[in-house]
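Pasting input_31.cif here (mmCIF, C-alpha atoms):
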```cif
data_query
loop_
_atom_site.group_PDB
_atom_site.id
_atom_site.type_symbol
_atom_site.label_atom_id
_atom_site.label_comp_id
_atom_site.auth_asym_id
_atom_site.auth_seq_id
_atom_site.Cartn_x
_atom_site.Cartn_y
_atom_site.Cartn_z
ATOM 1 C CA MET V 1 -16.169 19.677 10.698
ATOM 2 C CA PHE V 2 -16.215 16.135 9.329
ATOM 3 C CA ASP V 3 -13.961 15.478 6.317
ATOM 4 C CA CYS V 4 -14.238 12.024 4.761
ATOM 5 C CA ALA V 5 -10.863 10.582 3.742
ATOM 6 C CA ILE V 6 -12.518 8.425 1.084
ATOM 7 C CA CYS V 7 -14.705 10.881 -0.845
ATOM 8 C CA ALA V 8 -13.988 14.280 0.796
ATOM 9 C CA GLY V 9 -17.602 14.480 1.980
ATOM 10 C CA ARG V 10 -18.255 17.171 4.602
ATOM 11 C CA THR V 11 -21.300 15.769 6.395
ATOM 12 C CA GLY V 12 -21.446 12.884 8.827
ATOM 13 C CA ARG V 13 -23.522 11.413 11.627
ATOM 14 C CA GLU V 14 -22.584 9.476 14.727
ATOM 15 C CA ILE V 15 -23.483 5.785 14.412
ATOM 16 C CA LEU V 16 -21.658 4.435 17.470
ATOM 17 C CA ARG V 17 -20.347 5.886 20.723
ATOM 18 C CA ILE V 18 -17.728 3.992 22.747
ATOM 19 C CA SER V 19 -17.065 5.036 26.345
ATOM 20 C CA GLN V 20 -14.220 2.687 27.317
ATOM 21 C CA PRO V 21 -10.679 2.428 25.885
ATOM 22 C CA ASP V 22 -9.879 -0.873 24.183
ATOM 23 C CA ARG V 23 -7.018 -3.198 25.128
ATOM 24 C CA PHE V 24 -4.533 -1.432 22.857
ATOM 25 C CA GLU V 25 -5.353 1.940 24.370
ATOM 26 C CA ARG V 26 -5.153 0.523 27.884
ATOM 27 C CA SER V 27 -1.708 -0.906 27.078
ATOM 28 C CA ILE V 28 -0.391 2.588 26.392
ATOM 29 C CA GLY V 29 -2.004 4.162 29.446
ATOM 30 C CA ILE V 30 -5.178 5.746 28.052
ATOM 31 C CA SER V 31 -7.462 6.506 31.013
ATOM 32 C CA PRO V 32 -11.140 5.496 31.013
ATOM 33 C CA ASN V 33 -12.015 8.713 32.847
ATOM 34 C CA GLY V 34 -14.049 10.892 30.511
ATOM 35 C CA TYR V 35 -13.173 8.651 27.561
ATOM 36 C CA LEU V 36 -15.215 9.032 24.357
ATOM 37 C CA ARG V 37 -14.630 7.589 20.900
ATOM 38 C CA ARG V 38 -17.142 7.858 18.053
ATOM 39 C CA TRP V 39 -17.713 6.171 14.692
ATOM 40 C CA ILE V 40 -18.972 8.750 12.171
ATOM 41 C CA GLU V 41 -20.742 7.735 8.950
ATOM 42 C CA CYS V 42 -20.096 9.832 5.845
ATOM 43 C CA GLY V 43 -23.278 11.279 4.348
ATOM 44 C CA THR V 44 -21.902 10.925 0.812
ATOM 45 C CA CYS V 45 -20.099 7.591 0.378
ATOM 46 C CA GLY V 46 -21.301 5.829 3.536
ATOM 47 C CA ALA V 47 -17.879 4.906 4.938
ATOM 48 C CA ALA V 48 -17.518 5.003 8.718
ATOM 49 C CA THR V 49 -14.586 6.851 10.274
ATOM 50 C CA ASN V 50 -13.186 6.270 13.744
ATOM 51 C CA GLU V 51 -12.985 9.587 15.616
ATOM 52 C CA LEU V 52 -10.307 9.057 18.273
ATOM 53 C CA PRO V 53 -9.698 11.065 21.437
ATOM 54 C CA GLN V 54 -6.591 13.170 20.881
ATOM 55 C CA ALA V 55 -4.656 11.333 23.594
ATOM 56 C CA SER V 56 -5.254 8.026 21.821
ATOM 57 C CA ALA V 57 -4.451 9.427 18.389
ATOM 58 C CA ASP V 58 -1.112 10.753 19.629
ATOM 59 C CA LYS V 59 -0.029 7.537 21.355
ATOM 60 C CA LEU V 60 -1.457 4.841 19.079
ATOM 61 C CA SER V 61 0.786 5.848 16.179
ATOM 62 C CA VAL V 62 3.636 3.942 17.841
ATOM 63 C CA LEU V 63 1.575 0.715 17.726
ATOM 64 C CA ARG V 64 0.293 0.806 14.163
ATOM 65 C CA GLY V 65 3.344 -0.924 12.717
ATOM 66 C CA ALA V 66 4.118 -3.167 15.690
ATOM 67 C CA TYR V 67 1.191 -4.315 17.787
ATOM 68 C CA TYR V 68 1.700 -8.091 17.860
ATOM 69 C CA GLU V 69 3.538 -7.800 21.172
ATOM 70 C CA ILE V 70 0.159 -6.890 22.655
ATOM 71 C CA ASP V 71 -1.933 -9.046 20.338
ATOM 72 C CA PHE V 72 0.031 -12.174 21.281
ATOM 73 C CA ALA V 73 0.689 -11.360 24.923
ATOM 74 C CA ASN V 74 -0.317 -14.835 26.142
ATOM 75 C CA THR V 75 0.902 -16.901 23.196
ATOM 76 C CA ASN V 76 3.162 -16.475 20.160
ATOM 77 C CA ILE V 77 2.730 -16.000 16.442
ATOM 78 C CA GLY V 78 4.078 -19.437 15.585
ATOM 79 C CA GLU V 79 1.521 -21.137 17.812
ATOM 80 C CA LYS V 80 -1.335 -19.203 16.252
ATOM 81 C CA TYR V 81 -0.039 -19.964 12.766
ATOM 82 C CA SER V 82 0.014 -23.698 13.468
ATOM 83 C CA ARG V 83 -3.402 -23.631 15.102
ATOM 84 C CA VAL V 84 -5.061 -21.721 12.245
ATOM 85 C CA MET V 85 -3.323 -23.763 9.546
ATOM 86 C CA ALA V 86 -4.755 -26.908 11.161
ATOM 87 C CA LEU V 87 -8.369 -25.700 10.988
ATOM 88 C CA PRO V 88 -10.692 -27.664 8.684
ATOM 89 C CA GLU V 89 -11.488 -25.726 5.513
ATOM 90 C CA SER V 90 -15.103 -25.292 6.606
ATOM 91 C CA GLN V 91 -13.940 -23.431 9.736
ATOM 92 C CA SER V 92 -11.134 -21.373 8.200
ATOM 93 C CA ASP V 93 -11.566 -17.794 6.986
ATOM 94 C CA ASN V 94 -8.244 -18.107 5.178
ATOM 95 C CA ALA V 95 -9.250 -21.279 3.364
ATOM 96 C CA GLY V 96 -12.329 -19.513 2.010
ATOM 97 C CA ARG V 97 -10.259 -16.462 1.088
ATOM 98 C CA VAL V 98 -7.685 -18.541 -0.780
ATOM 99 C CA SER V 99 -10.327 -20.519 -2.677
ATOM 100 C CA ARG V 100 -12.106 -17.274 -3.614
ATOM 101 C CA ILE V 101 -8.924 -15.705 -4.951
ATOM 102 C CA PHE V 102 -7.532 -18.844 -6.578
ATOM 103 C CA ASP V 103 -10.766 -19.644 -8.421
ATOM 104 C CA PHE V 104 -11.156 -16.070 -9.648
ATOM 105 C CA ALA V 105 -7.516 -15.806 -10.723
ATOM 106 C CA ARG V 106 -7.703 -19.014 -12.758
ATOM 107 C CA LYS V 107 -10.578 -17.521 -14.765
ATOM 108 C CA TRP V 108 -8.957 -14.100 -15.043
ATOM 109 C CA PHE V 109 -5.432 -14.981 -16.143
ATOM 110 C CA SER V 110 -4.525 -16.835 -19.320
ATOM 111 C CA PRO V 111 -3.725 -20.546 -18.816
ATOM 112 C CA HIS V 112 -0.008 -19.880 -19.257
ATOM 113 C CA THR V 113 0.236 -17.027 -16.746
ATOM 114 C CA VAL V 114 2.031 -17.743 -13.486
ATOM 115 C CA PRO V 115 1.081 -14.695 -11.415
ATOM 116 C CA ARG V 116 3.575 -12.974 -9.160
ATOM 117 C CA VAL V 117 1.782 -12.241 -5.904
ATOM 118 C CA LEU V 118 2.345 -9.378 -3.466
ATOM 119 C CA ASP V 119 0.550 -9.667 -0.121
ATOM 120 C CA ILE V 120 0.598 -6.377 1.773
ATOM 121 C CA GLY V 121 0.261 -6.934 5.505
ATOM 122 C CA ALA V 122 1.195 -10.625 5.538
ATOM 123 C CA GLY V 123 0.543 -10.998 9.288
ATOM 124 C CA THR V 124 0.927 -14.564 10.518
ATOM 125 C CA GLY V 125 1.475 -15.893 6.985
ATOM 126 C CA VAL V 126 -1.486 -18.287 6.984
ATOM 127 C CA PHE V 127 -3.043 -16.761 3.874
ATOM 128 C CA LEU V 128 0.112 -16.854 1.744
ATOM 129 C CA SER V 129 1.005 -20.323 2.983
ATOM 130 C CA ARG V 130 -2.399 -21.676 1.980
ATOM 131 C CA LEU V 131 -2.276 -19.846 -1.362
ATOM 132 C CA ILE V 132 1.161 -21.266 -2.162
ATOM 133 C CA ASP V 133 0.008 -24.754 -1.200
ATOM 134 C CA GLN V 134 -3.125 -24.523 -3.343
ATOM 135 C CA ALA V 135 -1.049 -23.325 -6.314
ATOM 136 C CA GLY V 136 1.283 -26.285 -5.870
ATOM 137 C CA GLY V 137 4.157 -23.980 -4.992
ATOM 138 C CA SER V 138 4.229 -22.515 -8.501
ATOM 139 C CA TRP V 139 3.158 -18.929 -7.694
ATOM 140 C CA PRO V 140 6.077 -16.754 -6.561
ATOM 141 C CA CYS V 141 4.965 -14.678 -3.574
ATOM 142 C CA VAL V 142 6.252 -11.693 -1.626
ATOM 143 C CA GLY V 143 4.864 -10.752 1.778
ATOM 144 C CA VAL V 144 5.224 -7.228 3.172
ATOM 145 C CA GLU V 145 4.916 -6.993 6.949
ATOM 146 C CA PRO V 146 5.793 -4.004 9.184
ATOM 147 C CA ASP V 147 5.673 -5.756 12.561
ATOM 148 C CA PRO V 148 9.181 -7.006 13.472
ATOM 149 C CA GLN V 149 7.930 -10.060 15.387
ATOM 150 C CA ALA V 150 5.633 -11.099 12.552
ATOM 151 C CA ALA V 151 8.333 -10.525 9.920
ATOM 152 C CA LYS V 152 10.761 -12.734 11.867
ATOM 153 C CA HIS V 153 8.134 -15.476 12.069
ATOM 154 C CA LEU V 154 7.408 -15.174 8.326
ATOM 155 C CA ARG V 155 11.087 -15.555 7.448
ATOM 156 C CA GLN V 156 11.266 -18.672 9.601
ATOM 157 C CA LEU V 157 8.478 -20.241 7.535
ATOM 158 C CA GLY V 158 10.761 -20.201 4.497
ATOM 159 C CA LYS V 159 7.819 -20.310 2.065
ATOM 160 C CA PHE V 160 8.009 -16.892 0.406
ATOM 161 C CA VAL V 161 10.068 -13.713 0.173
ATOM 162 C CA VAL V 162 9.543 -11.394 3.150
ATOM 163 C CA MET V 163 10.004 -7.621 3.108
ATOM 164 C CA GLU V 164 9.973 -6.135 6.588
ATOM 165 C CA GLY V 165 8.577 -2.617 6.794
ATOM 166 C CA MET V 166 5.619 -0.514 5.746
ATOM 167 C CA PHE V 167 4.499 -0.659 2.136
ATOM 168 C CA GLN V 168 5.483 2.670 0.587
ATOM 169 C CA GLY V 169 5.536 1.858 -3.123
ATOM 170 C CA GLN V 170 9.156 0.692 -2.980
ATOM 171 C CA PRO V 171 10.823 0.608 -6.435
ATOM 172 C CA ASP V 172 11.588 -3.117 -6.167
ATOM 173 C CA LEU V 173 7.919 -3.929 -5.534
ATOM 174 C CA LYS V 174 6.702 -3.588 -9.112
ATOM 175 C CA ASP V 175 5.068 -5.586 -11.928
ATOM 176 C CA PHE V 176 2.932 -7.929 -9.848
ATOM 177 C CA GLU V 177 0.003 -9.679 -11.504
ATOM 178 C CA LEU V 178 -1.875 -10.074 -8.222
ATOM 179 C CA ILE V 179 -1.783 -7.855 -5.128
ATOM 180 C CA THR V 180 -3.759 -8.789 -2.026
ATOM 181 C CA LEU V 181 -4.730 -6.661 0.970
ATOM 182 C CA ASN V 182 -6.523 -8.768 3.547
ATOM 183 C CA LYS V 183 -7.869 -6.785 6.494
ATOM 184 C CA VAL V 184 -5.315 -4.019 5.906
ATOM 185 C CA LEU V 185 -7.144 -0.969 4.561
ATOM 186 C CA GLU V 186 -9.154 -0.470 7.742
ATOM 187 C CA HIS V 187 -5.823 0.383 9.424
ATOM 188 C CA VAL V 188 -4.973 3.104 6.877
ATOM 189 C CA SER V 189 -6.093 6.605 7.809
ATOM 190 C CA ASP V 190 -5.637 8.044 4.294
ATOM 191 C CA PRO V 191 -6.519 5.121 2.009
ATOM 192 C CA VAL V 192 -6.751 6.884 -1.373
ATOM 193 C CA PRO V 193 -3.043 7.794 -1.800
ATOM 194 C CA PHE V 194 -2.118 4.450 -0.244
ATOM 195 C CA LEU V 195 -4.126 2.524 -2.853
ATOM 196 C CA GLN V 196 -2.734 4.736 -5.594
ATOM 197 C CA MET V 197 0.733 3.524 -4.571
ATOM 198 C CA VAL V 198 -0.518 -0.052 -4.652
ATOM 199 C CA VAL V 199 -1.840 0.392 -8.207
ATOM 200 C CA LYS V 200 1.633 1.477 -9.347
ATOM 201 C CA SER V 201 2.969 -1.900 -8.195
ATOM 202 C CA LEU V 202 0.628 -3.776 -10.550
ATOM 203 C CA ARG V 203 1.610 -4.901 -14.002
ATOM 204 C CA ARG V 204 -0.474 -2.641 -16.189
ATOM 205 C CA ASP V 205 -1.766 -4.921 -18.963
ATOM 206 C CA ASP V 206 -3.347 -7.830 -17.070
ATOM 207 C CA SER V 207 -3.464 -7.563 -13.310
ATOM 208 C CA LEU V 208 -5.703 -7.990 -10.293
ATOM 209 C CA ILE V 209 -5.978 -6.417 -6.881
ATOM 210 C CA TYR V 210 -7.924 -8.142 -4.116
ATOM 211 C CA VAL V 211 -9.114 -6.075 -1.150
ATOM 212 C CA GLU V 212 -10.885 -7.430 1.909
ATOM 213 C CA VAL V 213 -12.120 -5.244 4.769
ATOM 214 C CA PRO V 214 -14.447 -5.521 7.782
ATOM 215 C CA ASP V 215 -18.039 -4.697 6.905
ATOM 216 C CA LYS V 216 -19.586 -1.534 8.338
ATOM 217 C CA LEU V 217 -22.516 -3.731 9.392
ATOM 218 C CA THR V 218 -20.289 -4.712 12.333
ATOM 219 C CA VAL V 219 -21.361 -1.431 13.956
ATOM 220 C CA THR V 220 -24.973 -2.542 14.229
ATOM 221 C CA LEU V 221 -24.584 -6.326 14.455
ATOM 222 C CA ARG V 222 -21.707 -6.619 16.935
ATOM 223 C CA PRO V 223 -21.142 -5.272 20.475
ATOM 224 C CA PRO V 224 -19.011 -2.111 20.864
ATOM 225 C CA SER V 225 -16.257 -4.260 22.422
ATOM 226 C CA ASP V 226 -15.729 -6.168 19.150
ATOM 227 C CA ASN V 227 -12.095 -5.953 17.979
ATOM 228 C CA ILE V 228 -13.249 -4.663 14.582
ATOM 229 C CA LEU V 229 -14.566 -1.535 16.306
ATOM 230 C CA GLY V 230 -11.290 -0.948 18.157
ATOM 231 C CA ALA V 231 -9.079 2.107 18.195
ATOM 232 C CA LEU V 232 -6.520 0.815 15.675
ATOM 233 C CA HIS V 233 -9.085 0.717 12.878
ATOM 234 C CA CYS V 234 -9.507 3.971 10.983
ATOM 235 C CA HIS V 235 -12.412 3.242 8.619
ATOM 236 C CA LEU V 236 -15.113 0.652 7.999
ATOM 237 C CA TYR V 237 -16.643 0.091 4.573
ATOM 238 C CA ASP V 238 -19.700 -1.224 2.789
ATOM 239 C CA PRO V 239 -19.910 -2.036 -0.954
ATOM 240 C CA GLN V 240 -20.867 1.533 -1.860
ATOM 241 C CA SER V 241 -17.964 3.150 -0.024
ATOM 242 C CA MET V 242 -15.565 0.534 -1.436
ATOM 243 C CA VAL V 243 -16.619 1.562 -4.944
ATOM 244 C CA TYR V 244 -16.028 5.239 -4.057
ATOM 245 C CA LEU V 245 -12.573 4.377 -2.727
ATOM 246 C CA ALA V 246 -11.643 2.267 -5.738
ATOM 247 C CA ARG V 247 -12.625 4.972 -8.214
ATOM 248 C CA ALA V 248 -10.696 7.621 -6.304
ATOM 249 C CA ALA V 249 -7.591 5.398 -6.372
ATOM 250 C CA GLY V 250 -7.835 4.542 -10.076
ATOM 251 C CA ILE V 251 -9.165 1.004 -9.675
ATOM 252 C CA GLU V 252 -12.001 -0.517 -11.701
ATOM 253 C CA ILE V 253 -14.122 -2.911 -9.645
ATOM 254 C CA VAL V 254 -14.658 -6.304 -11.299
ATOM 255 C CA ARG V 255 -16.591 -7.971 -8.493
ATOM 256 C CA ILE V 256 -17.693 -6.907 -5.031
ATOM 257 C CA ASP V 257 -19.655 -8.726 -2.346
ATOM 258 C CA ARG V 258 -20.253 -8.959 1.393
ATOM 259 C CA ILE V 259 -20.101 -12.218 3.334
ATOM 260 C CA ARG V 260 -20.168 -13.729 6.798
ATOM 261 C CA GLU V 261 -16.979 -15.724 7.317
ATOM 262 C CA PRO V 262 -16.722 -19.032 9.239
ATOM 263 C CA SER V 263 -15.360 -17.111 12.249
ATOM 264 C CA GLY V 264 -18.502 -14.956 12.214
ATOM 265 C CA LYS V 265 -16.689 -11.871 10.920
ATOM 266 C CA LEU V 266 -18.652 -9.645 8.555
ATOM 267 C CA THR V 267 -16.569 -8.851 5.501
ATOM 268 C CA VAL V 268 -16.654 -6.889 2.250
ATOM 269 C CA TYR V 269 -14.344 -8.092 -0.506
ATOM 270 C CA ALA V 270 -13.607 -6.769 -3.986
ATOM 271 C CA PHE V 271 -11.586 -7.735 -7.028
ATOM 272 C CA GLY V 272 -10.329 -4.824 -9.092
ATOM 273 C CA THR V 273 -8.022 -3.994 -11.954
ATOM 274 C CA VAL V 274 -6.563 -0.966 -13.683
ATOM 275 C CA PRO V 275 -8.890 0.958 -16.033
ATOM 276 C CA GLY V 276 -9.176 -0.482 -19.532
ATOM 277 C CA VAL V 277 -8.279 -4.065 -18.692
ATOM 278 C CA LEU V 278 -11.833 -5.228 -18.037
ATOM 279 C CA GLU V 279 -13.104 -3.749 -21.295
ATOM 280 C CA ALA V 280 -10.296 -5.471 -23.191
ATOM 281 C CA LYS V 281 -11.295 -8.807 -21.717
ATOM 282 C CA GLY V 282 -14.819 -8.382 -23.053
ATOM 283 C CA LYS V 283 -17.302 -10.848 -21.631
ATOM 284 C CA LEU V 284 -14.746 -13.317 -20.348
ATOM 285 C CA LEU V 285 -15.995 -13.051 -16.745
ATOM 286 C CA GLU V 286 -19.737 -12.934 -17.375
ATOM 287 C CA HIS V 287 -20.208 -16.355 -15.839
ATOM 288 C CA ALA V 288 -17.249 -16.338 -13.452
#
```

Would you write out, as structure tokens, the structure that this file holds?
Amino acid sequence: MFDCAICAGRTGREILRISQPDRFERSIGISPNGYLRRWIECGTCGAATNELPQASADKLSVLRGAYYEIDFANTNIGEKYSRVMALPESQSDNAGRVSRIFDFARKWFSPHTVPRVLDIGAGTGVFLSRLIDQAGGSWPCVGVEPDPQAAKHLRQLGKFVVMEGMFQGQPDLKDFELITLNKVLEHVSDPVPFLQMVVKSLRRDDSLIYVEVPDKLTVTLRPPSDNILGALHCHLYDPQSMVYLARAAGIEIVRIDRIREPSGKLTVYAFGTVPGVLEAKGKLLEHA
């Protein structure tokens, strides 16, 4: 029986069948013999869920917090960071992401607000580095990163505070004006309680959360071998399912859209806040 982790829907249909293990599964010894993995679309909210073979589900848990050793097998995180930071803005997903967030935040916050930023799943640090640079170094930022190799690299950058480990609503991660989750939620098997923890880390009276996830359209517009459709991703979203998820987690959507990024990735992004804040702001964002 299908049970949707986003809306608790009980009906689903297969929208993609994958018959070969991906590179992460191969790295932990998953055999291609008789392999079958399916993406199932919820009949209620429309989110797609990755239905893993049991052997993969059991073994992949060890990689979810530390997979850069495989991801950067032929290079290192520092090299990728330098290469991506050097991309022209027109070719950089991160440059577009930073401009999108920075422009929206300037309209959302009062002119005197200097937002504290929490980036959950900081990865290579390109996003936070670009955000700090665009803000002229004035926005204090914290990056949470579970992968030990990535966390070490982030500390070496010396540009922001780094917390190594999984985000679990730690007591010292509170009262942020802006929380960002860039390509993180697709890795979370049970996203509603996770986002509820994130909401508790926001300052309640005037705060923003920015969520960016791979678009479910990837299923139909990309080959099955695309990394987005790999075994480490639990769910894919479209705007409708993102709204379902936000409501379930206690987030009010302010803006939501889907885009094609310079890299060709298909993405859904949303800005949200805690209930009541948007109403209090009135029509401030009508022409944002």

(Q) Please expand the PyMOL selection byres ((chain V and resi 27-32) around 10) into the concrete residues it hits in this file, giving the result as a VMD selection string. (A) chain V and resid 19 to 26 33 to 36 53 55 to 56 59 to 60 62 to 63 70

Go ahead and save the residues from that selection, with C-alpha atoms, as a compact mmCIF listing (two decimals), in the coordinates of the input.
```txt
# COMPACT_ATOMS: atom_id res chain seq x y z
CA SER V 19 -17.07 5.04 26.34
CA GLN V 20 -14.22 2.69 27.32
CA PRO V 21 -10.68 2.43 25.88
CA ASP V 22 -9.88 -0.87 24.18
CA ARG V 23 -7.02 -3.20 25.13
CA PHE V 24 -4.53 -1.43 22.86
CA GLU V 25 -5.35 1.94 24.37
CA ARG V 26 -5.15 0.52 27.88
CA ASN V 33 -12.02 8.71 32.85
CA GLY V 34 -14.05 10.89 30.51
CA TYR V 35 -13.17 8.65 27.56
CA LEU V 36 -15.22 9.03 24.36
CA PRO V 53 -9.70 11.06 21.44
CA ALA V 55 -4.66 11.33 23.59
CA SER V 56 -5.25 8.03 21.82
CA LYS V 59 -0.03 7.54 21.36
CA LEU V 60 -1.46 4.84 19.08
CA VAL V 62 3.64 3.94 17.84
CA LEU V 63 1.58 0.72 17.73
CA ILE V 70 0.16 -6.89 22.66
```

Q.
One number please: CA of Glu51 in chain V to CA of Ala231 in chain V, in Å, one decimal.
A.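 CA of Ala231 in chain V lies at a distance of 8.8 Å from CA of Glu51 in chain V.
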
**Q.** Explicit residue set for the PyMOL selection byres ((chain V and resi 194) around 12), as a VMD selection string
**A.** chain V and resid 5 to 6 120 166 to 169 181 184 to 193 195 to 201 245 to 246 248 to 250

Q: Let me know the residues the PyMOL selection byres ((chain V and resi 138-153) around 10) catches in the file above, as an NGL selection string.
A: :V and (63-69 or 76-78 or 81 or 113-125 or 128-129 or 131-137 or 154-167 or 173 or 176 or 178-180)

**Q.** Selection near Gln240 in chain V, 12 Å with only C-alpha atoms, sequence-local residues under 6 positions removed, as a PyMOL selection string
**A.** chain V and resi 6-7+42-48+215-216+246-247+253+256-258+268-270

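Coordinates place CA of Arg17 in chain V at a distance of 10.0 Å from CA of Val219 in chain V.
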
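Relative to CA of Lys281 in chain V, CA of Phe104 in chain V is found at 14.1 Å.
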
Q | Polymer residues at most 12 Å from Ile259 in chain V, all atoms listed in the file, same-chain spacing of 3 or more positions, as a PyMOL selection string | A | chain V and resi 93+96-97+100+212-218+238-239+256+262-270

Q. Between V:Ser82, V:Asp58, V:Ile228, V:Arg106, which is the closest to Arg130 in chain V once you count only C-alpha atoms?
A. V:Ser82

Q: Find the residues with any atom within 10 Å of (-14.4, 14.9, 8.2); use all atoms listed in the file and the coordinates as given in the file, and write the answer as a VMD selection string.
A: chain V and resid 1 to 12 40 to 42 49 51

Mind giving me the axis-aligned box for range 159-174 of chain V with 8 Å on every side, centre plus edges in Å to one decimal, as AutoDock Vina command-line options?
```
--center_x 8.0 --center_y -8.8 --center_z -1.2 --size_x 23.1 --size_y 39.0 --size_z 31.9
```

(Q) Considering all atoms listed in the file, can you say which of V:Glu252, V:Phe127, V:Cys234, V:Ser225 comes closest to Ser99 in chain V? (A)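 Ranked by minimum distance to Ser99 in chain V, first place goes to V:Phe127.
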